[in-house]
Amino acid sequence: MAGLRYLRRGCNVFVWLVIVLSYIFSTKPVCPQSPKPIVHIAHTNHPNATAYAGSRKIVRTQDDQRFVVYEDYKLNQNQILMTKSLDGRKWAEPAFIAEGMSPAIAIDARDNLYLVWQDQPDIRFAVSTDQGVSWDRPIEKVNWDTGRTCSLPVIEAGLERVHIAFQQADAPGNTNIYYVSYELPLSVDSSAVPLKISSDYWDSRQLCIAANLAFEAGDLFVVWCDSSWFGEDHLTEIKLRKVSESSATWTPGLDSTALTIMTQQKLHHPVISVEWEGAFQVSWNQREPTGFWNFTAMTMSFSEAWIPQRCQFYRTSGEAWITVDDVFFKSTAVCWLDSNQVVYRQTRNEQFLFDQNISVSESDSVPARFPNLCYKTFRQDSFDVIWTEGEHPPFSICYRRMAKIYHPDGADGGDYESVINTFELMQNYPNPFGFGRGSYDGTEICYRLLHIKNQYRIAITIYDLLGREVITLERGLQAPGSHRIRWNGKNGSGADVPAGIYIYALKADDQQIQTRKIVLLR
């Protein structure tokens, strides 16, 4: 019996040893920035379900939920549908929103969702304050001129207002860009008159809208294409205008008209991305006289007299349908189509950081179309992208989270590489905090500085949702490593602040690094 007992023990030890060794030798190290698998999140009968890049189709919340809107065609009707995911792997059954086409979605700092779409001849608008569970329509329609056809709306949510732009056919061969904004919070009494921001001498189309990412700067930009006529050799210009959210009035670039960024033949579908510090990147498609397609990336700065930096051109096998995410330290994730595949590169100051394309859609046998990147992700390590895939209906709506790659060969990236990999701001705990949550002494904020430099000049600041500074918790020089600090719900004068949502931001060496939300209960 004793021998049998020892034999059993020996077998158990052997089994556990085999399991441990198998795990050690079969498990590969997991890279936190490795790309995720492609997920087919929905099916659609519409080949342009995720078009166009100027009208954004995917947003994410502060707790990393993803929301995707797209177009379908069922029962002889164009329909707007939405699906969402908590983790990017499992997606909810698509929900019907409304009849219509060309949807665009935006999200604000409170994680409220805003949706516009084309319901010919009008532009419709809806808002959800419960993360897509229900949709209200405080404004029946955006446009006022019911006799004229409006199309391709775009939308952006700022700190104090929600901004909408669309194109309206005012006469044969004369389409204009209109802009309208509504003060938040919205109500049934909200109203505004759309303002024409393009010129009657041009045919204006294919617009995109983007807000400044800084909480303390409510600047907004609209970019579009102007064409002298639509034909084989029509002349086109990329135009841009800026509005200050605080005054809700347009400010010019170089004169009293919109700023002309580029004048060439056959320019198409510009997109724009805006950074914290005032730099922005404008990209567009262009068809050469030889029939080849290019796309162009240009970085500009409105803090430097609107002077454009040099462009970078890239030739593709067809129309690129370029799409970009938010600018982070003057670096942007760029996706486009090449040989029916969605591909990616990272830019830095209008230049690509590496020479080869990185495949996103991967398949070269199943054509992909109309990639659409998530804007305002506030992430330097990854980006979210969707696209439409397939040759025949039903088409697939595909989603993927991709790693942002700065140097695929592992080479030292210098100062910029150090900056983007140096800091990490963690979510505060507990969150929410305050009375009734067992956290009367406040909440803890943790952050990490990597061992790249001997010390950093940092600041941890709390802001309200209007961008006003509440309190600076920490300011000064700090050594590398992990740090933590507490906030007790008081402002810089020692007074309790009201319950609500606040933003805490990490600055290091005068660069805005990362922000997160914090919820205070009373």
# chains A, B, ... in the order shown; residues from 1 in each chain; ligands from 1

$ select_by_dssp --residues "region 117-233 of chain A" --states "strand (DSSP E)" --output "VMD selection string"
chain A and resid 117 to 119 122 to 128 150 to 157 161 to 171 174 to 183 195 to 196 203 to 211 219 to 227

$ residues_around --residues "Ser199 (chain A)" --least-positions-apart "5" --cutoff "10 Å" --atoms "only C-alpha atoms" --output "number ranges by chain"
A: 174-177, 204, 226, 257-258

$ write_last_selection --atoms "N, CA and C atoms" --output "mmCIF file, in the first residue's frame"
data_model
loop_
_atom_site.group_PDB
_atom_site.id
_atom_site.type_symbol
_atom_site.label_atom_id
_atom_site.label_comp_id
_atom_site.auth_asym_id
_atom_site.auth_seq_id
_atom_site.Cartn_x
_atom_site.Cartn_y
_atom_site.Cartn_z
ATOM 1 N N ASN A 174 -23.764 73.522 -58.539
ATOM 2 C CA ASN A 174 -23.340 74.390 -57.431
ATOM 3 C C ASN A 174 -23.814 73.805 -56.104
ATOM 4 N N THR A 175 -22.930 73.017 -55.500
ATOM 5 C CA THR A 175 -23.174 72.446 -54.180
ATOM 6 C C THR A 175 -22.330 73.215 -53.173
ATOM 7 N N ASN A 176 -22.930 73.605 -52.056
ATOM 8 C CA ASN A 176 -22.233 74.383 -51.036
ATOM 9 C C ASN A 176 -22.127 73.618 -49.718
ATOM 10 N N ILE A 177 -21.146 74.040 -48.906
ATOM 11 C CA ILE A 177 -20.947 73.466 -47.577
ATOM 12 C C ILE A 177 -21.636 74.365 -46.552
ATOM 13 N N SER A 204 -18.730 72.640 -54.108
ATOM 14 C CA SER A 204 -18.055 72.227 -52.882
ATOM 15 C C SER A 204 -18.634 70.909 -52.380
ATOM 16 N N ASP A 226 -13.190 71.947 -53.292
ATOM 17 C CA ASP A 226 -13.840 72.881 -54.208
ATOM 18 C C ASP A 226 -13.436 72.525 -55.631
ATOM 19 N N THR A 257 -11.500 84.785 -46.432
ATOM 20 C CA THR A 257 -12.103 83.589 -47.012
ATOM 21 C C THR A 257 -11.450 82.345 -46.421
ATOM 22 N N ALA A 258 -11.958 81.189 -46.860
ATOM 23 C CA ALA A 258 -11.374 79.938 -46.393
ATOM 24 C C ALA A 258 -9.935 79.801 -46.885
#

$ closest_residue --among "A:Leu425, A:Leu220, A:Leu159, A:Val327" --to "Thr377 (chain A)" --atoms "only C-alpha atoms"
A:Val327

$ residues_around --residues "Lys507 (chain A)" --least-positions-apart "5" --cutoff "10 Å" --atoms "only C-alpha atoms" --output "list in words"
Phe423, Tyr456, Arg457, Ile458, Ala459, Ile460, Thr461, Arg475, Gln512, Ile513, Gln514 and Thr515 of chain A

$ write_last_selection --atoms "C-alpha atoms" --output "CSV table (one decimal), in the first residue's frame"
chain,number,residue,atom,x,y,z
A,423,PHE,CA,4.7,57.6,-19.6
A,456,TYR,CA,11.1,64.6,-15.7
A,457,ARG,CA,9.3,67.8,-15.2
A,458,ILE,CA,5.7,66.7,-14.6
A,459,ALA,CA,2.3,68.1,-13.7
A,460,ILE,CA,-0.9,66.2,-12.6
A,461,THR,CA,-3.9,68.6,-13.1
A,475,ARG,CA,4.2,69.9,-10.2
A,512,GLN,CA,0.4,66.8,-22.7
A,513,ILE,CA,0.7,63.1,-22.4
A,514,GLN,CA,-2.5,61.4,-21.4
A,515,THR,CA,-5.9,62.1,-19.9

$ residues_around --residues "Tyr399 (chain A)" --least-positions-apart "3" --cutoff "8 Å" --atoms "only C-alpha atoms" --output "ChimeraX atom specification"
/A:38-41,88,384-387

$ write_last_selection --atoms "N, CA, C and O atoms" --output "short mmCIF file (atom, residue, chain, number, x, y, z; two decimals), in the first residue's frame"
data_model
loop_
_atom_site.label_atom_id
_atom_site.label_comp_id
_atom_site.auth_asym_id
_atom_site.auth_seq_id
_atom_site.Cartn_x
_atom_site.Cartn_y
_atom_site.Cartn_z
N ILE A 38 -8.82 39.96 -36.69
CA ILE A 38 -9.92 40.60 -37.40
C ILE A 38 -11.23 39.99 -36.91
O ILE A 38 -11.36 38.77 -36.78
N VAL A 39 -12.20 40.85 -36.63
CA VAL A 39 -13.51 40.40 -36.16
C VAL A 39 -14.56 40.87 -37.16
O VAL A 39 -14.61 42.04 -37.51
N HIS A 40 -15.39 39.94 -37.62
CA HIS A 40 -16.52 40.27 -38.49
C HIS A 40 -17.70 40.61 -37.60
O HIS A 40 -18.29 39.73 -36.96
N ILE A 41 -18.04 41.90 -37.54
CA ILE A 41 -18.98 42.36 -36.52
C ILE A 41 -20.41 42.46 -37.03
O ILE A 41 -21.35 42.53 -36.22
N GLY A 88 -14.17 44.48 -28.00
CA GLY A 88 -13.70 44.37 -29.37
C GLY A 88 -13.78 42.98 -29.95
O GLY A 88 -13.58 42.79 -31.15
N ASP A 384 -8.20 51.80 -33.64
CA ASP A 384 -9.32 50.95 -34.04
C ASP A 384 -9.74 51.34 -35.45
O ASP A 384 -9.89 52.52 -35.77
N VAL A 385 -10.00 50.33 -36.29
CA VAL A 385 -10.37 50.59 -37.67
C VAL A 385 -11.44 49.60 -38.10
O VAL A 385 -11.43 48.43 -37.70
N ILE A 386 -12.39 50.06 -38.91
CA ILE A 386 -13.39 49.20 -39.52
C ILE A 386 -13.32 49.36 -41.03
O ILE A 386 -12.78 50.35 -41.54
N TRP A 387 -13.88 48.41 -41.76
CA TRP A 387 -13.95 48.51 -43.21
C TRP A 387 -15.04 47.55 -43.71
O TRP A 387 -15.53 46.68 -42.97
#

$ residues_around --residues "Asp203 (chain A)" --least-positions-apart "2" --cutoff "10 Å" --atoms "only C-alpha atoms" --output "list in words"
Gln167, Ala169, Asp170, Ala171, Pro172, Gly173, Asn174, Thr175, Asn176, Ile177, Ser198, Ser199, Asp200, Tyr201, Arg205, Cys225, Asp226, Ser227, Ser228, Trp229, Phe230 and Thr236 of chain A

$ closest_residue --among "A:Lys36, A:Arg60, A:His163, A:Lys196" --to "Glu183 (chain A)" --atoms "only C-alpha atoms"
A:His163

$ closest_residue --among "A:Gln265, A:Thr332, A:Gln168, A:Asn491" --to "Tyr375 (chain A)" --atoms "only C-alpha atoms"
A:Thr332

$ closest_residue --among "A:Arg161, A:Lys239, A:Arg400, A:Lys74" --to "Ile197 (chain A)" --atoms "only C-alpha atoms"
A:Lys239

$ closest_residue --among "A:Asp63, A:Asp325, A:Glu156, A:Asp496" --to "Lys376 (chain A)" --atoms "only C-alpha atoms"
A:Asp325

$ closest_residue --among "A:Cys374, A:Leu473, A:Ala505, A:Ile80" --to "Gln427 (chain A)" --atoms "only C-alpha atoms"
A:Ala505

$ residues_around --residues "Leu465 (chain A)" --least-positions-apart "2" --cutoff "9 Å" --atoms "only C-alpha atoms" --output "list in words"
Ala109, Arg110, Leu159, Glu160, Phe215, Tyr463, Gly467, Arg468, Gly500, Ile501, Tyr502 and Ile503 of chain A

$ atom_distance --atom1 "CA of Asn294 (chain A)" --atom2 "CA of Ile358 (chain A)"
17.7 Å
